[in-house]
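Asker: Just one file: data-v3.cif, with mmCIF, C-alpha atoms and all ligand atoms.
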data_data
#
loop_
_atom_site.label_atom_id
_atom_site.label_comp_id
_atom_site.auth_asym_id
_atom_site.auth_seq_id
_atom_site.Cartn_x
_atom_site.Cartn_y
_atom_site.Cartn_z
CA MET A 69 -22.48 25.75 1.06
CA PRO A 70 -24.67 22.63 1.26
CA ASN A 71 -22.50 20.84 3.83
CA GLN A 72 -22.29 23.55 6.48
CA GLY A 73 -23.32 22.46 9.93
CA SER A 74 -22.28 19.99 12.58
CA PHE A 75 -21.64 16.28 12.41
CA LYS A 76 -20.62 13.57 14.83
CA THR A 77 -17.81 11.12 14.20
CA GLU A 78 -15.30 8.97 15.95
CA ALA A 79 -11.68 9.76 15.18
CA VAL A 80 -8.05 9.14 16.02
CA VAL A 81 -5.91 12.25 16.55
CA LEU A 82 -2.95 11.65 14.23
CA ARG A 83 -1.11 14.88 14.77
CA SER A 84 -1.54 18.18 16.55
CA ILE A 85 0.07 21.47 15.55
CA ARG A 86 0.16 24.69 17.57
CA LEU A 87 -1.88 27.56 16.21
CA GLY A 88 -1.59 31.06 17.66
CA GLU A 89 -1.74 31.58 21.41
CA ALA A 90 -3.99 28.81 22.63
CA ASP A 91 -5.32 26.77 19.71
CA ARG A 92 -4.25 23.66 17.87
CA VAL A 93 -4.83 22.30 14.38
CA LEU A 94 -5.62 18.60 14.55
CA HIS A 95 -5.03 16.07 11.79
CA LEU A 96 -7.82 13.57 12.36
CA TYR A 97 -8.54 10.19 10.85
CA THR A 98 -12.30 9.88 11.20
CA GLU A 99 -14.52 6.87 10.94
CA GLU A 100 -17.19 8.69 8.95
CA ARG A 101 -15.19 10.88 6.57
CA GLY A 102 -11.59 9.73 6.45
CA ARG A 103 -9.09 12.56 6.77
CA VAL A 104 -10.37 15.75 8.36
CA GLY A 105 -8.49 18.81 9.58
CA ALA A 106 -9.95 20.64 12.56
CA VAL A 107 -9.19 23.53 14.88
CA ALA A 108 -9.47 22.96 18.63
CA LYS A 109 -9.89 26.42 20.12
CA GLY A 110 -8.41 27.21 23.52
CA VAL A 111 -7.12 23.65 23.84
CA ARG A 112 -3.73 24.82 25.14
CA ARG A 113 -5.25 26.83 28.00
CA VAL A 114 -4.90 25.25 31.43
CA LYS A 115 -8.65 25.27 31.91
CA SER A 116 -9.56 24.11 28.41
CA ARG A 117 -12.94 22.41 28.24
CA PHE A 118 -11.26 19.67 26.18
CA GLY A 119 -8.78 18.82 28.94
CA GLY A 120 -6.16 16.42 27.57
CA ARG A 121 -8.64 14.54 25.44
CA LEU A 122 -7.34 15.77 22.07
CA GLU A 123 -3.74 14.62 22.44
CA PRO A 124 -2.25 12.69 19.49
CA LEU A 125 -2.81 8.88 19.65
CA SER A 126 -6.20 9.41 21.35
CA ARG A 127 -9.38 7.83 20.07
CA VAL A 128 -12.27 10.23 20.58
CA LYS A 129 -15.92 10.88 19.82
CA LEU A 130 -16.23 14.32 18.32
CA VAL A 131 -18.78 16.84 17.24
CA LEU A 132 -17.26 18.89 14.46
CA HIS A 133 -18.61 22.07 12.97
CA GLU A 134 -18.08 22.58 9.30
CA GLY A 135 -17.94 26.19 8.19
CA ARG A 136 -16.54 28.00 5.18
CA SER A 137 -12.94 27.21 5.97
CA ASP A 138 -11.13 24.01 4.99
CA LEU A 139 -10.81 23.23 8.67
CA CYS A 140 -13.67 22.11 10.86
CA THR A 141 -13.99 23.33 14.45
CA VAL A 142 -14.15 20.89 17.35
CA THR A 143 -17.25 21.68 19.41
CA SER A 144 -17.20 18.63 21.68
CA ALA A 145 -14.83 15.76 22.45
CA ASP A 146 -15.28 12.60 24.53
CA THR A 147 -12.64 9.96 25.08
CA VAL A 148 -13.22 6.50 23.62
CA HIS A 149 -9.69 5.26 24.41
CA ALA A 150 -6.90 7.50 25.75
CA HIS A 151 -4.22 4.76 25.43
CA ALA A 152 -2.78 5.93 28.75
CA ALA A 153 -0.67 2.81 29.32
CA LEU A 154 1.21 3.03 26.03
CA ARG A 155 2.09 6.69 26.78
CA GLU A 156 4.21 5.46 29.69
CA ARG A 157 6.49 3.42 27.44
CA LEU A 158 8.86 4.95 24.94
CA ALA A 159 8.94 1.97 22.53
CA SER A 160 5.14 1.79 22.48
CA ILE A 161 4.84 5.55 21.86
CA GLU A 162 7.28 5.25 18.98
CA ARG A 163 5.33 2.39 17.36
CA ALA A 164 1.99 4.15 17.89
CA THR A 165 3.35 7.39 16.44
CA ASP A 166 4.67 5.43 13.45
CA ALA A 167 1.26 3.86 12.92
CA CYS A 168 -0.43 7.27 12.98
CA ASP A 169 2.21 8.70 10.67
CA ALA A 170 1.68 5.90 8.13
CA VAL A 171 -2.08 6.56 8.14
CA LEU A 172 -1.40 10.30 7.83
CA ARG A 173 0.68 9.74 4.71
CA LEU A 174 -1.29 6.97 3.05
CA PHE A 175 -4.85 8.14 3.72
CA ASP A 176 -5.06 11.82 2.86
CA ALA A 177 -8.50 11.79 1.21
CA ALA A 178 -11.69 12.99 2.86
CA GLU A 179 -13.43 9.68 2.26
CA PRO A 180 -14.12 6.96 4.80
CA ASN A 181 -12.13 3.72 4.85
CA ARG A 182 -13.53 1.59 7.66
CA PRO A 183 -10.93 -1.19 7.38
CA ALA A 184 -8.13 1.37 7.72
CA TYR A 185 -9.87 3.10 10.62
CA ASN A 186 -10.55 -0.17 12.45
CA LEU A 187 -6.99 -1.36 11.83
CA LEU A 188 -5.49 1.82 13.33
CA CYS A 189 -7.78 1.62 16.38
CA HIS A 190 -6.90 -2.04 16.81
CA GLU A 191 -3.16 -1.38 16.54
CA LEU A 192 -3.29 1.41 19.14
CA ALA A 193 -5.36 -0.74 21.52
CA LEU A 194 -2.88 -3.63 21.15
CA LEU A 195 0.13 -1.40 21.78
CA ASP A 196 -1.68 -0.06 24.84
CA SER A 197 -2.52 -3.48 26.22
CA ASP A 198 0.80 -5.27 25.76
CA SER A 199 4.29 -3.71 25.95
CA GLY A 200 5.69 -6.84 24.25
CA LEU A 201 3.97 -5.91 20.99
CA ALA A 202 6.08 -2.80 20.42
CA THR A 203 8.38 -4.61 17.98
CA ILE A 204 9.56 -3.98 14.43
CA ALA A 205 7.93 -7.24 13.27
CA GLN A 206 4.56 -6.15 14.65
CA ALA A 207 4.96 -2.69 13.08
CA LEU A 208 5.71 -4.28 9.70
CA ALA A 209 2.68 -6.56 10.02
CA PHE A 210 0.56 -3.46 10.67
CA ARG A 211 1.97 -1.79 7.56
CA MET A 212 1.23 -4.87 5.44
CA LYS A 213 -2.39 -4.77 6.57
CA LEU A 214 -2.50 -1.03 5.99
CA LEU A 215 -1.34 -1.60 2.41
CA LEU A 216 -4.22 -4.04 2.00
CA ALA A 217 -6.71 -1.48 3.35
CA ALA A 218 -5.28 1.13 0.97
CA GLY A 219 -5.56 -1.20 -2.02
CA PHE A 220 -1.81 -1.60 -2.49
CA ALA A 221 -1.22 -5.09 -1.09
CA PRO A 222 1.59 -6.70 -3.09
CA GLU A 223 1.09 -9.95 -5.00
CA LEU A 224 2.75 -12.69 -2.94
CA ALA A 225 1.26 -15.95 -4.25
CA ALA A 226 2.60 -15.89 -7.81
CA CYS A 227 5.01 -13.89 -9.97
CA ALA A 228 3.44 -10.43 -10.25
CA THR A 229 4.46 -10.25 -13.91
CA CYS A 230 3.90 -13.70 -15.44
CA GLY A 231 1.99 -15.73 -12.82
CA GLU A 232 4.72 -18.34 -12.28
CA ARG A 233 4.26 -20.01 -8.87
CA GLU A 234 7.77 -21.39 -8.27
CA HIS A 235 11.16 -19.80 -7.53
CA LEU A 236 9.79 -16.48 -6.37
CA GLY A 237 13.04 -15.15 -4.96
CA ALA A 238 12.79 -11.44 -5.70
CA PHE A 239 10.51 -8.47 -5.11
CA SER A 240 9.66 -5.71 -7.55
CA ALA A 241 7.53 -2.74 -6.45
CA SER A 242 6.93 -1.71 -10.05
CA ALA A 243 5.70 -5.21 -10.97
CA GLY A 244 3.55 -5.16 -7.83
CA GLY A 245 4.94 -8.04 -5.79
CA VAL A 246 7.18 -11.10 -5.85
CA VAL A 247 8.73 -12.04 -9.19
CA CYS A 248 10.36 -15.09 -10.76
CA PRO A 249 13.92 -15.20 -12.23
CA GLY A 250 12.57 -14.51 -15.74
CA CYS A 251 10.87 -11.28 -14.62
CA GLU A 252 13.32 -9.96 -12.08
CA ALA A 253 14.44 -6.75 -13.81
CA GLY A 254 14.26 -3.87 -11.35
CA SER A 255 13.82 -6.20 -8.40
CA PHE A 256 15.81 -6.97 -5.25
CA PRO A 257 16.36 -10.43 -3.72
CA LEU A 258 13.70 -11.56 -1.27
CA THR A 259 14.54 -14.54 0.94
CA GLU A 260 12.03 -17.28 1.61
CA GLU A 261 11.86 -16.09 5.23
CA ALA A 262 10.94 -12.55 4.19
CA HIS A 263 8.37 -13.86 1.71
CA ARG A 264 6.85 -16.11 4.37
CA PHE A 265 6.79 -13.24 6.88
CA MET A 266 4.92 -10.94 4.48
CA THR A 267 2.38 -13.65 3.59
CA ALA A 268 1.77 -14.49 7.26
CA ALA A 269 1.52 -10.80 8.20
CA LEU A 270 -1.36 -10.40 5.74
CA GLY A 271 -3.06 -13.64 6.66
CA LYS A 272 -2.83 -13.67 10.45
CA PRO A 273 -4.62 -11.45 12.97
CA LEU A 274 -2.59 -8.41 14.05
CA VAL A 275 -2.16 -9.77 17.58
CA GLU A 276 -0.46 -12.88 16.17
CA ALA A 277 2.00 -10.95 14.05
CA PRO A 278 4.71 -13.34 12.82
CA GLU A 279 8.36 -13.09 13.79
CA ALA A 280 11.34 -13.33 11.43
CA PRO A 281 15.12 -12.88 11.58
CA GLU A 282 16.42 -9.35 11.16
CA PRO A 283 17.60 -9.64 7.52
CA ALA A 284 14.13 -10.89 6.54
CA LEU A 285 12.44 -8.01 8.36
CA ARG A 286 14.79 -5.58 6.63
CA GLN A 287 13.72 -6.96 3.24
CA ALA A 288 10.04 -6.76 4.18
CA ASP A 289 10.57 -3.16 5.31
CA ARG A 290 12.13 -2.34 1.96
CA ALA A 291 9.41 -4.13 -0.02
CA ILE A 292 6.67 -2.21 1.85
CA ALA A 293 8.44 1.16 1.53
CA GLU A 294 9.11 0.72 -2.21
CA THR A 295 5.53 -0.45 -2.85
CA VAL A 296 4.12 2.64 -1.15
CA GLU A 297 6.56 4.90 -2.96
CA TYR A 298 5.85 3.43 -6.37
CA HIS A 299 2.08 3.05 -6.15
CA ALA A 300 0.96 5.74 -3.68
CA HIS A 301 3.81 8.23 -4.31
CA VAL A 302 4.28 8.48 -0.57
CA ARG A 303 7.39 7.99 1.53
CA LEU A 304 7.17 6.03 4.75
CA ARG A 305 9.86 6.25 7.38
CA ARG A 306 11.90 3.05 7.17
CA LEU A 307 11.57 0.98 10.32
CA MET A 308 14.99 -0.67 9.98
ZN ZN B 1 7.63 -14.10 -13.84
#
Translate this file's structure into structure tokens.
Ligand SMILES: [Zn+2]

Answerer:
Amino acid sequence: MPNQGSFKTEAVVLRSIRLGEADRVLHLYTEERGRVGAVAKGVRRVKSRFGGRLEPLSRVKLVLHEGRSDLCTVTSADTVHAHAALRERLASIERATDACDAVLRLFDAAEPNRPAYNLLCHELALLDSDSGLATIAQALAFRMKLLLAAGFAPELAACATCGEREHLGAFSASAGGVVCPGCEAGSFPLTEEAHRFMTAALGKPLVEAPEAPEPALRQADRAIAETVEYHAHVRLRRLM
């Protein structure tokens, strides 16, 4: 095996599953290699050398050993950001877990995607710093940007089918974005407010995530979920 040995990387712990008596399997999103699975041995013992550093939602610096198995082994872990404040608030935990779950589903390849990694780290840091950001609108804005990082951002400036720039009142995941009345087969109605929300979510920084009335957010939620389902063959939990 040419790639046996140890490597260093930063990572976010997306999910942690019990393994045997004292170990855990970690689903990691790493800066250097994208998705990596790793075993943390003895992590569930009271006196584990990893302490609580490998909990889900944590951003850590790791040394991973790559052997013959599909799973790496964690040999060292240092905290970059524990996100301790967000863990005290149920709504923030829920949003952060959603963010990790979306990355888990959308980015399953062992290849790096720096924009996606940076976006996830940024989202977790924001949720940690401000309890007021744990909203559905902010979560949808994160998903829009995640779609962009994954290469699935919908067309929002013109009809995805014919290029028409006026009367874009519907959304079609199969067409790849907003559509005009002439191309609306297989689409659902998208209000101007929902359209504006999606455009602003892509264009504005994450911390300035736009707001919109509930029906508009519901449409954006649907547009994102159907886009991911159609183009990435992945199901995201609906936020509304
Ligand atoms: Zn059209």

Asker: Can you list, as number ranges by chain, every protein, DNA or RNA residue that comes within 8 Å of region 208-223 of chain A when you count only C-alpha atoms, leaving out same-chain residues fewer than 4 positions away?

Answerer: A: 167, 170-171, 174-175, 181, 183-184, 187, 191, 204, 227-228, 241, 244-246, 266, 269-270, 274, 277-278, 285, 288-289, 292, 295-296, 299-300, 307

Asker: List all protein, DNA and RNA residues that have any atom at most 8 Å from ligand ZN 1 (chain B), counting all atoms listed in the file, and write the list as a PDB file with C-alpha atoms, in the frame of the given file.

Answerer:
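So result15.pdb came out as:
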ATOM      1  CA  CYS A 227       5.010 -13.890  -9.970  1.00  0.00           C
ATOM      2  CA  ALA A 228       3.440 -10.430 -10.250  1.00  0.00           C
ATOM      3  CA  THR A 229       4.460 -10.250 -13.910  1.00  0.00           C
ATOM      4  CA  CYS A 230       3.900 -13.700 -15.440  1.00  0.00           C
ATOM      5  CA  GLY A 231       1.990 -15.730 -12.820  1.00  0.00           C
ATOM      6  CA  GLU A 232       4.720 -18.340 -12.280  1.00  0.00           C
ATOM      7  CA  VAL A 247       8.730 -12.040  -9.190  1.00  0.00           C
ATOM      8  CA  CYS A 248      10.360 -15.090 -10.760  1.00  0.00           C
ATOM      9  CA  PRO A 249      13.920 -15.200 -12.230  1.00  0.00           C
ATOM     10  CA  GLY A 250      12.570 -14.510 -15.740  1.00  0.00           C
ATOM     11  CA  CYS A 251      10.870 -11.280 -14.620  1.00  0.00           C
ATOM     12  CA  GLU A 252      13.320  -9.960 -12.080  1.00  0.00           C
TER      13      GLU A 252
END

Asker: Using only C-alpha atoms, find the one residue out of A:Leu139, A:Ile161, A:Ala193, A:Ile85 that sits nearest to Arg112 (chain A).

Answerer: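 Smallest separation from Arg112 (chain A) among the options: A:Ile85.
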
Asker: List as a PyMOL selection string the protein and nucleic acid residues near Cys140 (chain A), meaning an atom at most 7 Å away when all atoms listed in the file are counted, but skip any in the same chain fewer than 6 places from it.

Answerer: chain A and resi 105-107+132-134

Asker: One decimal, in Å: what's the spacing between CA of Pro124 (chain A) and CA of Ser74 (chain A)?

Answerer: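 Between CA of Pro124 (chain A) and CA of Ser74 (chain A) the gap works out to 22.4 Å.
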
Asker: Please list as JSON, numbers by chain every residue within 9 Å of Arg113 (chain A), counting all atoms listed in the file and excluding residues in the same chain fewer than 2 positions away.

Answerer: {"A": [89, 90, 91, 110, 111, 115, 116, 117, 119]}

Asker: Between A:Ala159, A:Ala178, A:Val104, A:Ala243, which has the minimum distance to Val142 (chain A) (counting all atoms listed in the file)?

Answerer: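 For Val142 (chain A), the nearest of the candidates is A:Val104.
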
Asker: Please provide as a PyMOL selection string all residues within 10 Å of His149 (chain A), with the sequence filter that same-chain residues fewer than 3 positions apart are discarded (counting only C-alpha atoms).

Answerer: chain A and resi 80+121+125-129+146+152+189+192-193+196

Asker: At a cut-off of 12 Å around the point (3.0, 1.1, 29.9) (file coordinates), what residues fall inside when counting all atoms listed in the file? I'd like the answer as a PyMOL selection string.

Answerer: chain A and resi 151-161+193-202

Asker: Could you jot down the CA of His301 (chain A) to CA of Leu172 (chain A) separation for me, Å, one decimal place?

Answerer: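 Separation of CA of His301 (chain A) and CA of Leu172 (chain A): 13.4 Å.
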
Asker: Which residue is closest to Ala238 (chain A)? Choose from A:Glu282, A:Asp176, A:Glu123, A:Glu261 and count all atoms listed in the file.

Answerer: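 Closest to Ala238 (chain A) of all the choices is A:Glu261.
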
Asker: If you measure from CA of Ala268 (chain A) to CA of Ala284 (chain A), what distance in Å do you get, rounded to one decimal?

Answerer: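 Separation between CA of Ala268 (chain A) and CA of Ala284 (chain A): 12.9 Å.
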
Asker: So, with only C-alpha atoms as the atoms that count, which of A:Thr165, A:Ser240, A:Thr141, A:Thr147 lies closest to Arg305 (chain A)?

Answerer: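 Closest candidate: A:Thr165.
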